[in-house]
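Take a look at the structure set out below.
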Amino acid sequence: MGLKMEFINKYKNIILLSLVLYSSLLGLSIAVNNIILIGITLLPLILILSLQINYKYILSLYVISLPLDFILLLPGIGSISKIFSILCILSLLSHGLLKKKLTFPRFQIIPVIMLVIIAIFSIVWSVDEQETNTRLITLVPLLLFYIVTSIFKFNIKDLKVINNSMIFSLTWVVLLSLVQFLFGIGFMDTGRLTITLFSEQADPNHLLVSLILPFSILWTSINRSQNYKFLNTRIILIILFFLILLLSGSRGALLAVVCSLTYWFLKDGLNFKKIITIIISLSTLLTLFFIIPSFLIERYNIQLILEQGGTGRVDIWRVGLNAFKESISNGYGFGTFPQVYDLFVNKTRIDAFWGYSKAAHNTYLRMAVELGLVGVSLLMFSMLISLAFLKKKKKLNSMVLNSGYALNMSLIGIMIGGLSLDIFLFKYFWVVLQYGVIYKGVLAESRKEING
């Protein structure tokens, strides 16, 4: 520390001049809106930050910023979470190399890599090469971040920091949504609650599905909470999450949460504590139904959902299935579902016409249409292989054990969410996969300690 201060005092004028010149160059780069120049200018700062700040804190900032992914920080650069993801990659690599924390990747990343390789090669037979290329620009960095996460050796303390960051991200989203609900400023034109910041609105479906992993971690953390003050706080937070979930009108997210909780209740048999929890949870949901507006309650009416075909989803799926039948083996190219939809919408019997260039609203159908049977199979296998198979008799650390349950809850939830949403290119989907490789690494180390 003394040497650092001596160096700063000795060269303070040079350092001050360098900072002024650097700030001027950065400001000029932003003013001329030159993305390449901005990137080159920011690179030294990014490298310094990635080396000086502990990797777990940068990863925490990434997790906390994920719900803000809908806000573009700078045109051409992306959201704040994208910037933090770049910092995370550099930080994990630099710390991994300097502190020898890099390891051989786990087997579970192989199907993910194979899936992305097929997506890259699909540009050869794509019906729209430009669209495929655009989507690949988004996909490849997500894969890179996933691979870097898989080769870094995380420990139990890292997992604890990540879990706390997840809970914090859920907390601020719930509180902000609640504040905006009370002031009536967070509603879409349809009356559904979401987050509104800087004139930008988050899609409530994606926003709520993205919170399944933080919710799962919060839910399982109640089991090991010894402090009643923290326990009560977490229970209140869960109740508020249920309220926000219902006010969002997201049927897919509600179904995903219900399926996640069903797994938790059935994972090792029912007992008196779980039965009481079920009764309390159902009573809470029913009570909250009396709070939310009647037009939102109609969104959860099963008969109405069937009559409307999931707001056009059924008709879109019919077109997608018709297209899939014509190219089962390799699909039509990554990222081309809207273009393929336009090709087949007039060749398919549908109840109503919902326009052209529609999104799939189903991750599995999208992958089947774009990358064929092999692509959708690899996607499903990638999620299934990430599940944690746990046995209580192994005497695992309670935090590690419950994190495994949270991982399984979130994977089940994300699988269900993918039935009505296209989630493959969203960061929250990849965060669940990343949490899986982080957890499997920590679990392996914990089992070694037990057996050792």
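As shown in the structure tokens, the chain order sets the letters A, B, ...; within each chain, residues go from 1, and ligands are also counted from 1 in the order they appear.
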
- Message: For the alpha helix (DSSP H) assignment from backbone DSSP, which residues of stretch 101-249 of chain A qualify? Please present them as a count of residues only.
- Response: 100

- One decimal, Å: what's the distance from atom CA of A:Pro67 over to atom CA of A:Gly96, could you say?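 If I compute the distance from atom CA of A:Pro67 to atom CA of A:Gly96, I get 27.5 Å.
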
Could you give me, as a PDB file with N, CA and C atoms, in the first residue's frame, the residues within 9 Å of stretch 165-169 of chain A, counting only C-alpha atoms and dropping anything in the same chain fewer than 2 positions from it?
ATOM      1  N   LEU A  59     -19.486 -10.651 -10.852  1.00  0.00           N
ATOM      2  CA  LEU A  59     -20.546 -11.612 -11.177  1.00  0.00           C
ATOM      3  C   LEU A  59     -21.839 -11.256 -10.458  1.00  0.00           C
ATOM      4  N   SER A  60     -21.710 -10.765  -9.229  1.00  0.00           N
ATOM      5  CA  SER A  60     -22.897 -10.335  -8.470  1.00  0.00           C
ATOM      6  C   SER A  60     -23.585  -9.152  -9.144  1.00  0.00           C
ATOM      7  N   LEU A  61     -22.778  -8.188  -9.610  1.00  0.00           N
ATOM      8  CA  LEU A  61     -23.341  -7.028 -10.299  1.00  0.00           C
ATOM      9  C   LEU A  61     -24.051  -7.447 -11.586  1.00  0.00           C
ATOM     10  N   VAL A  63     -25.546 -10.369 -12.103  1.00  0.00           N
ATOM     11  CA  VAL A  63     -26.800 -11.009 -11.687  1.00  0.00           C
ATOM     12  C   VAL A  63     -27.841  -9.963 -11.292  1.00  0.00           C
ATOM     13  N   ILE A  64     -27.402  -8.971 -10.518  1.00  0.00           N
ATOM     14  CA  ILE A  64     -28.321  -7.935 -10.038  1.00  0.00           C
ATOM     15  C   ILE A  64     -28.855  -7.085 -11.183  1.00  0.00           C
ATOM     16  N   SER A  65     -28.023  -6.887 -12.219  1.00  0.00           N
ATOM     17  CA  SER A  65     -28.428  -6.022 -13.338  1.00  0.00           C
ATOM     18  C   SER A  65     -29.259  -6.753 -14.394  1.00  0.00           C
ATOM     19  N   LEU A  66     -29.377  -8.063 -14.294  1.00  0.00           N
ATOM     20  CA  LEU A  66     -30.078  -8.828 -15.335  1.00  0.00           C
ATOM     21  C   LEU A  66     -31.521  -8.364 -15.592  1.00  0.00           C
ATOM     22  N   PRO A  67     -32.305  -8.065 -14.548  1.00  0.00           N
ATOM     23  CA  PRO A  67     -33.672  -7.589 -14.831  1.00  0.00           C
ATOM     24  C   PRO A  67     -33.726  -6.286 -15.620  1.00  0.00           C
ATOM     25  N   LYS A 160     -22.353 -18.922  -2.277  1.00  0.00           N
ATOM     26  CA  LYS A 160     -23.149 -18.160  -1.312  1.00  0.00           C
ATOM     27  C   LYS A 160     -23.334 -16.718  -1.770  1.00  0.00           C
ATOM     28  N   VAL A 161     -22.267 -16.109  -2.293  1.00  0.00           N
ATOM     29  CA  VAL A 161     -22.354 -14.727  -2.801  1.00  0.00           C
ATOM     30  C   VAL A 161     -23.316 -14.657  -3.976  1.00  0.00           C
ATOM     31  N   ILE A 162     -23.233 -15.631  -4.876  1.00  0.00           N
ATOM     32  CA  ILE A 162     -24.133 -15.667  -6.038  1.00  0.00           C
ATOM     33  C   ILE A 162     -25.582 -15.806  -5.586  1.00  0.00           C
ATOM     34  N   ASN A 163     -25.827 -16.686  -4.610  1.00  0.00           N
ATOM     35  CA  ASN A 163     -27.189 -16.883  -4.094  1.00  0.00           C
ATOM     36  C   ASN A 163     -27.749 -15.597  -3.491  1.00  0.00           C
ATOM     37  N   THR A 171     -35.415  -9.041  -4.865  1.00  0.00           N
ATOM     38  CA  THR A 171     -35.915  -8.058  -3.902  1.00  0.00           C
ATOM     39  C   THR A 171     -36.141  -6.704  -4.558  1.00  0.00           C
ATOM     40  N   TRP A 172     -35.127  -6.216  -5.307  1.00  0.00           N
ATOM     41  CA  TRP A 172     -35.288  -4.871  -5.868  1.00  0.00           C
ATOM     42  C   TRP A 172     -36.354  -4.839  -6.962  1.00  0.00           C
ATOM     43  N   VAL A 173     -36.494  -5.931  -7.712  1.00  0.00           N
ATOM     44  CA  VAL A 173     -37.546  -5.975  -8.733  1.00  0.00           C
ATOM     45  C   VAL A 173     -38.930  -5.951  -8.082  1.00  0.00           C
ATOM     46  N   VAL A 174     -39.095  -6.744  -7.037  1.00  0.00           N
ATOM     47  CA  VAL A 174     -40.387  -6.800  -6.344  1.00  0.00           C
ATOM     48  C   VAL A 174     -40.721  -5.445  -5.724  1.00  0.00           C
ATOM     49  N   LEU A 211     -37.139 -14.398 -13.100  1.00  0.00           N
ATOM     50  CA  LEU A 211     -37.014 -14.378 -11.640  1.00  0.00           C
ATOM     51  C   LEU A 211     -37.212 -15.750 -11.009  1.00  0.00           C
ATOM     52  N   LEU A 213     -35.226 -18.455 -11.058  1.00  0.00           N
ATOM     53  CA  LEU A 213     -34.027 -18.902 -10.329  1.00  0.00           C
ATOM     54  C   LEU A 213     -33.855 -18.136  -9.017  1.00  0.00           C
ATOM     55  N   PRO A 214     -33.917 -16.790  -9.002  1.00  0.00           N
ATOM     56  CA  PRO A 214     -33.838 -16.082  -7.712  1.00  0.00           C
ATOM     57  C   PRO A 214     -34.937 -16.504  -6.740  1.00  0.00           C
ATOM     58  N   PHE A 215     -36.161 -16.703  -7.256  1.00  0.00           N
ATOM     59  CA  PHE A 215     -37.261 -17.140  -6.392  1.00  0.00           C
ATOM     60  C   PHE A 215     -36.975 -18.519  -5.804  1.00  0.00           C
ATOM     61  N   ILE A 217     -34.082 -19.914  -5.239  1.00  0.00           N
ATOM     62  CA  ILE A 217     -33.033 -19.790  -4.223  1.00  0.00           C
ATOM     63  C   ILE A 217     -33.608 -19.217  -2.935  1.00  0.00           C
ATOM     64  N   LEU A 218     -34.474 -18.222  -3.065  1.00  0.00           N
ATOM     65  CA  LEU A 218     -35.127 -17.634  -1.887  1.00  0.00           C
ATOM     66  C   LEU A 218     -35.994 -18.669  -1.180  1.00  0.00           C
TER      67      LEU A 218
END

- Message: Excluding A:Phe334 and its own-chain neighbours fewer than 4 positions away, which residues fall within 6 Å of it when counting only C-alpha atoms? Please give them as a PyMOL selection string.
- Response: chain A and resi 119+132+370

- Nearest-residue call for A:Gly252, choices A:Ser357, A:Ser327, A:Asn205, A:Thr284, using only C-alpha atoms: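 So, comparing all the options, the nearest one is A:Asn205.
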
Pick out the residues sitting within 8 Å of A:Lys427, and hand them over as a JSON list (two decimals) with N, CA and C atoms, in the first residue's frame; count only C-alpha atoms, and ignore anything fewer than 2 positions along from it in its own chain.
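As written to disk, part_24.json reads:
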[["chain", "number", "residue", "atom", "x", "y", "z"],
["A", 66, "LEU", "N", -29.38, -8.06, -14.29],
["A", 66, "LEU", "CA", -30.08, -8.83, -15.34],
["A", 66, "LEU", "C", -31.52, -8.36, -15.59],
["A", 142, "LEU", "N", -22.89, -15.36, -25.58],
["A", 142, "LEU", "CA", -23.55, -16.09, -24.50],
["A", 142, "LEU", "C", -22.87, -17.44, -24.27],
["A", 425, "LEU", "N", -32.38, -16.97, -26.50],
["A", 425, "LEU", "CA", -31.39, -15.90, -26.65],
["A", 425, "LEU", "C", -31.43, -14.88, -25.51],
["A", 429, "PHE", "N", -31.96, -17.32, -19.36],
["A", 429, "PHE", "CA", -31.92, -18.75, -19.69],
["A", 429, "PHE", "C", -30.51, -19.28, -19.51],
["A", 430, "TRP", "N", -29.53, -18.53, -20.01],
["A", 430, "TRP", "CA", -28.14, -18.96, -19.92],
["A", 430, "TRP", "C", -27.62, -18.87, -18.49],
["A", 431, "VAL", "N", -28.16, -17.95, -17.70],
["A", 431, "VAL", "CA", -27.74, -17.85, -16.29],
["A", 431, "VAL", "C", -28.13, -19.12, -15.54]]

- Message: Let me make sure I understand: among A:Ile239, A:Ser122, A:Ile185, A:Ser91, which one has the smallest atom-to-atom distance to A:Ile280 if we use only C-alpha atoms?
- Response: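 Closest to A:Ile280, using only C-alpha atoms: A:Ile239.
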
- Task: Enumerate as a list in words all residues of stretch 127-267 of chain A assigned to strand (DSSP E) by DSSP on the backbone, naming them with the chain letters and numbers the document uses.
- Result: Thr196, Leu197, Glu200 and Gln201 of chain A

Selected residues, N, CA and C atoms, written as a short mmCIF file (atom, residue, chain, number, x, y, z; two decimals), in the first residue's frame, please.
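Contents of the output file out-v9.cif:
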data_model
loop_
_atom_site.label_atom_id
_atom_site.label_comp_id
_atom_site.auth_asym_id
_atom_site.auth_seq_id
_atom_site.Cartn_x
_atom_site.Cartn_y
_atom_site.Cartn_z
N THR A 196 -41.13 -0.05 -15.48
CA THR A 196 -40.94 1.02 -16.45
C THR A 196 -39.82 1.92 -15.97
N LEU A 197 -38.75 2.02 -16.78
CA LEU A 197 -37.61 2.87 -16.44
C LEU A 197 -37.12 3.57 -17.70
N GLU A 200 -38.71 3.02 -20.96
CA GLU A 200 -38.65 1.66 -21.49
C GLU A 200 -39.42 0.73 -20.56
N GLN A 201 -40.12 -0.24 -21.16
CA GLN A 201 -40.90 -1.20 -20.38
C GLN A 201 -40.35 -2.60 -20.57
#

- Query: How many Å lie between atom CA of A:Ser294 and atom CA of A:Gly418, rounded to one decimal?
  - Reply: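 Value for the atom CA of A:Ser294-atom CA of A:Gly418 distance: 27.0 Å.
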
- Contacts of A:Lys347 within 12 Å, only C-alpha atoms, excl. fewer than 3 positions in-chain, as a PyMOL selection string: chain A and resi 318-323+326+340-344+350

Export of prior selection with N, CA and C atoms as an mmCIF file, in the first residue's frame:
data_model
loop_
_atom_site.group_PDB
_atom_site.id
_atom_site.type_symbol
_atom_site.label_atom_id
_atom_site.label_comp_id
_atom_site.auth_asym_id
_atom_site.auth_seq_id
_atom_site.Cartn_x
_atom_site.Cartn_y
_atom_site.Cartn_z
ATOM 1 N N ARG A 318 -49.410 -24.116 -34.979
ATOM 2 C CA ARG A 318 -49.845 -24.946 -36.110
ATOM 3 C C ARG A 318 -49.002 -24.657 -37.348
ATOM 4 N N VAL A 319 -48.749 -23.372 -37.581
ATOM 5 C CA VAL A 319 -47.915 -22.989 -38.728
ATOM 6 C C VAL A 319 -46.498 -23.529 -38.544
ATOM 7 N N GLY A 320 -45.974 -23.409 -37.323
ATOM 8 C CA GLY A 320 -44.629 -23.896 -37.038
ATOM 9 C C GLY A 320 -44.506 -25.398 -37.216
ATOM 10 N N LEU A 321 -45.503 -26.142 -36.736
ATOM 11 C CA LEU A 321 -45.482 -27.598 -36.886
ATOM 12 C C LEU A 321 -45.564 -28.003 -38.348
ATOM 13 N N ASN A 322 -46.353 -27.278 -39.110
ATOM 14 C CA ASN A 322 -46.467 -27.553 -40.543
ATOM 15 C C ASN A 322 -45.121 -27.345 -41.232
ATOM 16 N N ALA A 323 -44.410 -26.282 -40.832
ATOM 17 C CA ALA A 323 -43.087 -26.014 -41.399
ATOM 18 C C ALA A 323 -42.080 -27.080 -40.970
ATOM 19 N N GLU A 326 -41.926 -30.256 -42.963
ATOM 20 C CA GLU A 326 -41.305 -30.145 -44.285
ATOM 21 C C GLU A 326 -39.777 -30.193 -44.224
ATOM 22 N N VAL A 340 -39.853 -18.110 -41.776
ATOM 23 C CA VAL A 340 -40.462 -19.400 -42.112
ATOM 24 C C VAL A 340 -41.969 -19.330 -41.888
ATOM 25 N N TYR A 341 -42.375 -18.637 -40.839
ATOM 26 C CA TYR A 341 -43.809 -18.459 -40.564
ATOM 27 C C TYR A 341 -44.503 -17.797 -41.763
ATOM 28 N N ASP A 342 -43.866 -16.784 -42.323
ATOM 29 C CA ASP A 342 -44.444 -16.091 -43.483
ATOM 30 C C ASP A 342 -44.586 -17.025 -44.681
ATOM 31 N N LEU A 343 -43.659 -17.978 -44.806
ATOM 32 C CA LEU A 343 -43.688 -18.910 -45.937
ATOM 33 C C LEU A 343 -44.823 -19.921 -45.809
ATOM 34 N N PHE A 344 -45.204 -20.252 -44.563
ATOM 35 C CA PHE A 344 -46.163 -21.334 -44.351
ATOM 36 C C PHE A 344 -47.516 -20.887 -43.816
ATOM 37 N N ILE A 350 -55.686 -22.268 -40.075
ATOM 38 C CA ILE A 350 -55.669 -21.632 -38.764
ATOM 39 C C ILE A 350 -57.018 -20.986 -38.496
#

- Hey, which of A:Val209, A:Leu246, A:Leu285, A:Leu266 ends up closest to A:Met415? Count only C-alpha atoms.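 Among the listed residues, A:Val209 lies closest to A:Met415.
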